[in-house]
file model32.csv (CSV, C-alpha atoms and all ligand atoms)
chain,number,residue,atom,x,y,z
A,1,MET,CA,-33.7,64.3,28.6
A,2,LYS,CA,-34.1,66.2,31.9
A,3,MET,CA,-35.4,69.4,30.3
A,4,GLU,CA,-39.1,69.4,29.8
A,5,ARG,CA,-40.3,68.9,26.3
A,6,ILE,CA,-42.8,71.3,24.8
A,7,LEU,CA,-46.1,69.8,25.5
A,8,PRO,CA,-45.2,68.7,29.1
A,9,PHE,CA,-43.9,72.2,29.7
A,10,ALA,CA,-47.2,73.7,28.4
A,11,LYS,CA,-49.1,71.6,31.0
A,12,SER,CA,-46.6,72.5,33.8
A,13,LEU,CA,-47.3,76.2,33.2
A,14,ILE,CA,-51.1,75.7,33.2
A,15,LYS,CA,-50.8,73.6,36.5
A,16,LYS,CA,-49.0,76.5,38.1
A,17,ALA,CA,-51.9,78.9,37.5
A,18,VAL,CA,-55.0,76.6,37.7
A,19,GLN,CA,-56.6,75.2,40.9
A,20,PRO,CA,-59.6,72.9,41.3
A,21,GLY,CA,-62.8,75.0,40.9
A,22,ASP,CA,-61.3,77.4,38.4
A,23,VAL,CA,-62.6,78.7,35.1
A,24,VAL,CA,-60.3,77.9,32.1
A,25,VAL,CA,-60.4,78.1,28.3
A,26,ASP,CA,-59.3,75.6,25.6
A,27,ALA,CA,-59.1,77.9,22.6
A,28,THR,CA,-58.5,75.2,20.0
A,29,LEU,CA,-60.3,72.0,20.9
A,30,GLY,CA,-59.0,69.8,18.1
A,31,ASN,CA,-59.2,66.2,19.3
A,32,GLY,CA,-60.0,67.2,22.9
A,33,HIS,CA,-56.8,66.2,24.6
A,34,ASP,CA,-56.1,69.6,26.1
A,35,ALA,CA,-59.8,70.0,27.1
A,36,LEU,CA,-59.6,66.6,29.0
A,37,PHE,CA,-56.4,67.7,30.7
A,38,LEU,CA,-58.1,71.0,31.7
A,39,ALA,CA,-61.4,69.3,32.8
A,40,GLU,CA,-59.4,67.0,35.1
A,41,LEU,CA,-57.4,69.9,36.5
A,42,VAL,CA,-60.4,72.1,37.4
A,43,GLY,CA,-62.3,69.1,38.9
A,44,GLU,CA,-66.0,68.8,39.4
A,45,SER,CA,-66.5,72.3,40.7
A,46,GLY,CA,-64.6,73.9,37.8
A,47,LYS,CA,-65.5,74.9,34.3
A,48,VAL,CA,-63.8,74.7,30.9
A,49,TYR,CA,-65.0,76.7,27.9
A,50,GLY,CA,-63.8,75.2,24.6
A,51,PHE,CA,-63.8,76.6,21.0
A,52,ASP,CA,-63.2,75.1,17.6
A,53,VAL,CA,-64.4,76.1,14.1
A,54,GLN,CA,-64.7,72.5,12.9
A,55,ALA,CA,-67.8,70.3,13.7
A,56,GLU,CA,-65.5,67.3,13.6
A,57,ALA,CA,-63.4,68.7,16.5
A,58,ILE,CA,-66.5,69.4,18.6
A,59,GLU,CA,-67.8,65.9,18.1
A,60,THR,CA,-64.4,64.2,18.8
A,61,SER,CA,-63.9,66.3,21.9
A,62,LYS,CA,-67.4,65.6,23.2
A,63,GLU,CA,-66.8,61.9,22.8
A,64,ARG,CA,-63.5,62.0,24.6
A,65,LEU,CA,-64.8,64.1,27.5
A,66,SER,CA,-67.9,61.9,27.8
A,67,GLN,CA,-65.8,58.7,27.8
A,68,HIS,CA,-63.8,60.1,30.8
A,69,GLY,CA,-67.0,61.3,32.6
A,70,VAL,CA,-66.1,65.0,32.5
A,71,LEU,CA,-68.3,66.4,29.8
A,72,GLN,CA,-70.6,68.3,32.2
A,73,ARG,CA,-67.6,70.4,33.2
A,74,VAL,CA,-67.0,71.6,29.7
A,75,THR,CA,-69.1,73.9,27.4
A,76,LEU,CA,-68.1,73.4,23.8
A,77,PHE,CA,-68.6,76.3,21.3
A,78,HIS,CA,-68.6,75.5,17.6
A,79,GLU,CA,-67.2,78.9,17.0
A,80,GLY,CA,-63.8,80.7,16.6
A,81,HIS,CA,-61.9,81.7,19.8
A,82,GLU,CA,-62.3,85.3,18.5
A,83,GLU,CA,-65.8,85.1,20.0
A,84,LEU,CA,-64.4,84.3,23.4
A,85,SER,CA,-65.5,87.4,25.3
A,86,ASN,CA,-69.0,87.2,23.8
A,87,ARG,CA,-69.4,83.5,24.7
A,88,VAL,CA,-67.8,83.1,28.1
A,89,PRO,CA,-70.5,84.3,30.5
A,90,THR,CA,-69.9,87.7,32.0
A,91,THR,CA,-70.2,86.1,35.5
A,92,CYS,CA,-66.9,84.3,34.7
A,93,HIS,CA,-65.1,87.4,33.5
A,94,GLY,CA,-62.2,88.2,35.9
A,95,LYS,CA,-62.1,84.5,37.0
A,96,ILE,CA,-60.3,82.7,34.1
A,97,THR,CA,-56.9,81.4,35.4
A,98,GLY,CA,-55.7,79.5,32.4
A,99,ALA,CA,-56.0,79.2,28.6
A,100,ILE,CA,-54.4,76.9,26.0
A,101,PHE,CA,-54.0,77.6,22.3
A,102,ASN,CA,-52.6,74.6,20.4
A,103,LEU,CA,-52.2,76.3,17.1
A,104,GLY,CA,-52.1,75.0,13.5
A,105,TYR,CA,-54.3,72.3,12.0
A,106,LEU,CA,-56.2,69.4,13.3
A,107,PRO,CA,-54.0,66.3,13.0
A,108,GLY,CA,-55.5,63.8,10.5
A,109,SER,CA,-57.9,66.3,9.1
A,110,ASP,CA,-58.2,69.1,6.6
A,111,LYS,CA,-54.8,70.9,6.7
A,112,THR,CA,-56.2,74.0,5.0
A,113,ILE,CA,-58.2,74.8,8.2
A,114,VAL,CA,-55.6,76.4,10.4
A,115,THR,CA,-55.4,79.0,13.1
A,116,ARG,CA,-54.6,82.5,11.8
A,117,SER,CA,-52.8,85.3,13.6
A,118,ASP,CA,-55.5,87.9,13.3
A,119,THR,CA,-58.1,85.8,15.1
A,120,THR,CA,-55.5,84.3,17.5
A,121,ILE,CA,-54.4,87.8,18.5
A,122,ALA,CA,-58.0,89.0,18.9
A,123,ALA,CA,-58.6,86.1,21.3
A,124,ILE,CA,-55.4,86.9,23.3
A,125,LYS,CA,-56.4,90.5,23.6
A,126,GLN,CA,-59.9,89.5,24.9
A,127,LEU,CA,-58.4,87.0,27.3
A,128,LEU,CA,-56.0,89.6,28.7
A,129,SER,CA,-58.9,91.8,29.5
A,130,ILE,CA,-61.2,89.1,31.1
A,131,MET,CA,-58.6,86.8,32.8
A,132,ALA,CA,-57.8,86.9,36.5
A,133,PRO,CA,-54.5,88.5,37.6
A,134,GLU,CA,-51.7,85.8,37.3
A,135,GLY,CA,-53.8,83.9,34.8
A,136,ILE,CA,-51.6,82.2,32.2
A,137,ILE,CA,-52.2,81.9,28.5
A,138,VAL,CA,-50.1,79.2,26.8
A,139,LEU,CA,-49.6,79.3,23.0
A,140,VAL,CA,-48.1,76.2,21.4
A,141,ILE,CA,-46.9,77.5,18.1
A,142,TYR,CA,-46.5,75.1,15.1
A,143,HIS,CA,-44.6,76.9,12.4
A,144,GLY,CA,-43.7,74.0,10.0
A,145,HIS,CA,-46.5,74.8,7.6
A,146,GLU,CA,-46.8,78.0,5.5
A,147,GLU,CA,-49.5,79.8,7.4
A,148,GLY,CA,-47.9,78.6,10.7
A,149,ALA,CA,-44.7,80.6,9.8
A,150,VAL,CA,-46.9,83.7,9.1
A,151,GLU,CA,-48.8,83.2,12.4
A,152,ARG,CA,-45.5,82.7,14.3
A,153,ASP,CA,-44.1,86.0,13.1
A,154,SER,CA,-47.2,88.0,13.8
A,155,LEU,CA,-47.6,86.4,17.2
A,156,LEU,CA,-44.0,87.1,18.2
A,157,GLN,CA,-44.3,90.6,17.1
A,158,HIS,CA,-47.5,91.2,19.0
A,159,CYS,CA,-46.3,89.4,22.2
A,160,GLN,CA,-42.9,91.1,22.3
A,161,GLN,CA,-44.5,94.5,22.4
A,162,LEU,CA,-47.0,93.7,25.2
A,163,ASP,CA,-46.5,96.2,28.0
A,164,GLN,CA,-44.5,94.6,30.8
A,165,LYS,CA,-46.8,96.3,33.3
A,166,ILE,CA,-49.7,94.3,31.8
A,167,ALA,CA,-48.1,90.9,31.3
A,168,HIS,CA,-45.0,88.8,31.7
A,169,VAL,CA,-44.2,87.0,28.4
A,170,LEU,CA,-42.0,83.9,28.1
A,171,GLN,CA,-40.6,82.1,25.0
A,172,TYR,CA,-39.6,78.4,25.5
A,173,GLN,CA,-38.0,76.8,22.5
A,174,PHE,CA,-35.4,74.2,21.6
A,175,ILE,CA,-33.2,76.1,19.2
A,176,ASN,CA,-31.0,73.4,17.7
A,177,GLN,CA,-33.7,70.9,16.5
A,178,GLN,CA,-34.5,70.2,12.9
A,179,ASN,CA,-37.8,70.6,11.1
A,180,ASN,CA,-39.3,73.6,12.9
A,181,PRO,CA,-40.5,71.8,16.0
A,182,PRO,CA,-43.3,73.6,18.0
A,183,PHE,CA,-42.4,76.1,20.7
A,184,ILE,CA,-44.2,77.9,23.5
A,185,VAL,CA,-45.1,81.6,24.1
A,186,ALA,CA,-46.7,82.0,27.5
A,187,ILE,CA,-48.3,85.2,28.8
A,188,GLU,CA,-49.0,85.8,32.5
A,189,LYS,CA,-51.4,88.6,33.2
A,190,ARG,CA,-50.1,90.9,35.9
B,201,LIG,N1,-55.8,71.1,21.4
B,201,LIG,C1,-56.1,70.1,20.4
B,201,LIG,C2,-56.0,68.7,21.0
B,201,LIG,O1,-55.8,68.6,22.2
B,201,LIG,O2,-56.2,67.7,20.2
B,201,LIG,C3,-55.3,70.3,19.1
B,201,LIG,C4,-55.7,71.5,18.4
B,201,LIG,S1,-55.3,71.6,16.6
B,201,LIG,C5,-53.6,71.7,16.6
B,201,LIG,C6,-55.8,73.2,16.1
B,201,LIG,C7,-57.3,73.4,16.1
B,201,LIG,O3,-57.6,74.8,16.0
B,201,LIG,C8,-58.0,72.7,14.9
B,201,LIG,O4,-59.0,71.8,15.3
B,201,LIG,C9,-58.7,73.9,14.2
B,201,LIG,O5,-60.0,73.5,13.7
B,201,LIG,C10,-58.9,74.9,15.3
B,201,LIG,N2,-59.1,76.3,14.8
B,201,LIG,C11,-58.7,76.9,13.7
B,201,LIG,N3,-59.1,78.2,13.8
B,201,LIG,C12,-59.7,78.4,14.9
B,201,LIG,C13,-60.4,79.5,15.6
B,201,LIG,N4,-60.4,80.7,15.0
B,201,LIG,N5,-60.9,79.3,16.8
B,201,LIG,C14,-60.9,78.1,17.4
B,201,LIG,N6,-60.3,77.0,16.8
B,201,LIG,C15,-59.7,77.1,15.6
call {"tool": "encode", "arguments": {"input": "model32.csv", "output": "structure tokens", "more": "lines below"}}
Ligand code: SAM
result
Amino acid sequence: MKMERILPFAKSLIKKAVQPGDVVVDATLGNGHDALFLAELVGESGKVYGFDVQAEAIETSKERLSQHGVLQRVTLFHEGHEELSNRVPTTCHGKITGAIFNLGYLPGSDKTIVTRSDTTIAAIKQLLSIMAPEGIIVLVIYHGHEEGAVERDSLLQHCQQLDQKIAHVLQYQFINQQNNPPFIVAIEKR
């Protein structure tokens, strides 16, 4: 297939916005795959702030980042991403160039612990106020589970009404695939 699949496209979008030395956010650490990608992208002089509500996710991410020798570039918060603007140091406000939300539940873990639209939207609002112009937020939306469908609807409603003077909003989705595959909503701050 020549068209980019969902996860590679999410990374392509982030790569467009993020340079070595930048400050970025992994809003849902999970198993730490995105945090590792971000840590490698920002390099030694960059910084990643990561959030997850599950201790297990923090531990797994810490281990992965450590194995790859990039743990010192990442600050891990065992807290929800709705605490973002309180936790990312004010010295970094205005400097964040990229953020990833891989929504839903942690694969192989408790499927009742899922991201929810109210906290996801709270974090998006905070990011839009503390990101650098042309910073990109990538939401990978998993809507195959019950709460995922609710979150999808609220997020689409919220993102569709974002003022176009404040942000460009993109939806990237394969529309003829079975079983509710994930899709992307990306927000570029103007
Ligand atoms: N990015 C991850 C990776 O690379 O492995 C996958 C993330 S997983 C699909 C979603 C994660 O979001 C879960 O680990 C879950 O605990 C976490 N989560 C749920 N609510 C959250 C919140 N309010 N703030 C931060 N993380 C949250």
call {"tool": "residues_around", "arguments": {"input": "model32.csv", "residues": "Leu155 in chain A", "least_positions_apart": "2", "cutoff": "9 Å", "atoms": "only C-alpha atoms", "output": "list in words"}}
result
Ser117, Asp118, Thr120, Ile121, Ile141, Val150, Glu151, Arg152, Asp153, Gln157, His158, Cys159, Gln160 and Val185 of chain A
call {"tool": "closest_residue", "arguments": {"input": "model32.csv", "among": "A:Leu103, A:Val74, A:Ala55, A:Leu127", "to": "ligand LIG 201 (chain B)", "atoms": "all atoms listed in the file"}}
result
A:Leu103
call {"tool": "residues_near_ligand", "arguments": {"input": "model32.csv", "ligand": "ligand LIG 201 (chain B)", "cutoff": "7 Å", "atoms": "all atoms listed in the file", "output": "NGL selection string"}}
result
:A and (27-35 or 51-54 or 57 or 79-82 or 101-107 or 113-116 or 119-120)
call {"tool": "residues_around", "arguments": {"input": "model32.csv", "residues": "range 171-173 of chain A", "least_positions_apart": "5", "cutoff": "8 Å", "atoms": "only C-alpha atoms", "output": "list in words"}}
result
Ile6, Pro182, Phe183, Ile184, Val185 and Ala186 of chain A
call {"tool": "residues_around", "arguments": {"input": "model32.csv", "residues": "Thr75 in chain A", "least_positions_apart": "4", "cutoff": "8 Å", "atoms": "all atoms listed in the file", "output": "list in words"}}
result
Lys47, Val48, Tyr49, Gly50 and Leu71 of chain A
call {"tool": "write_last_selection", "arguments": {"input": "model32.csv", "atoms": "C-alpha atoms", "output": "PDB file, in the frame of the given file"}}
result
ATOM      1  CA  LYS A  47     -65.500  74.900  34.300  1.00  0.00           C
ATOM      2  CA  VAL A  48     -63.800  74.700  30.900  1.00  0.00           C
ATOM      3  CA  TYR A  49     -65.000  76.700  27.900  1.00  0.00           C
ATOM      4  CA  GLY A  50     -63.800  75.200  24.600  1.00  0.00           C
ATOM      5  CA  LEU A  71     -68.300  66.400  29.800  1.00  0.00           C
TER       6      LEU A  71
END
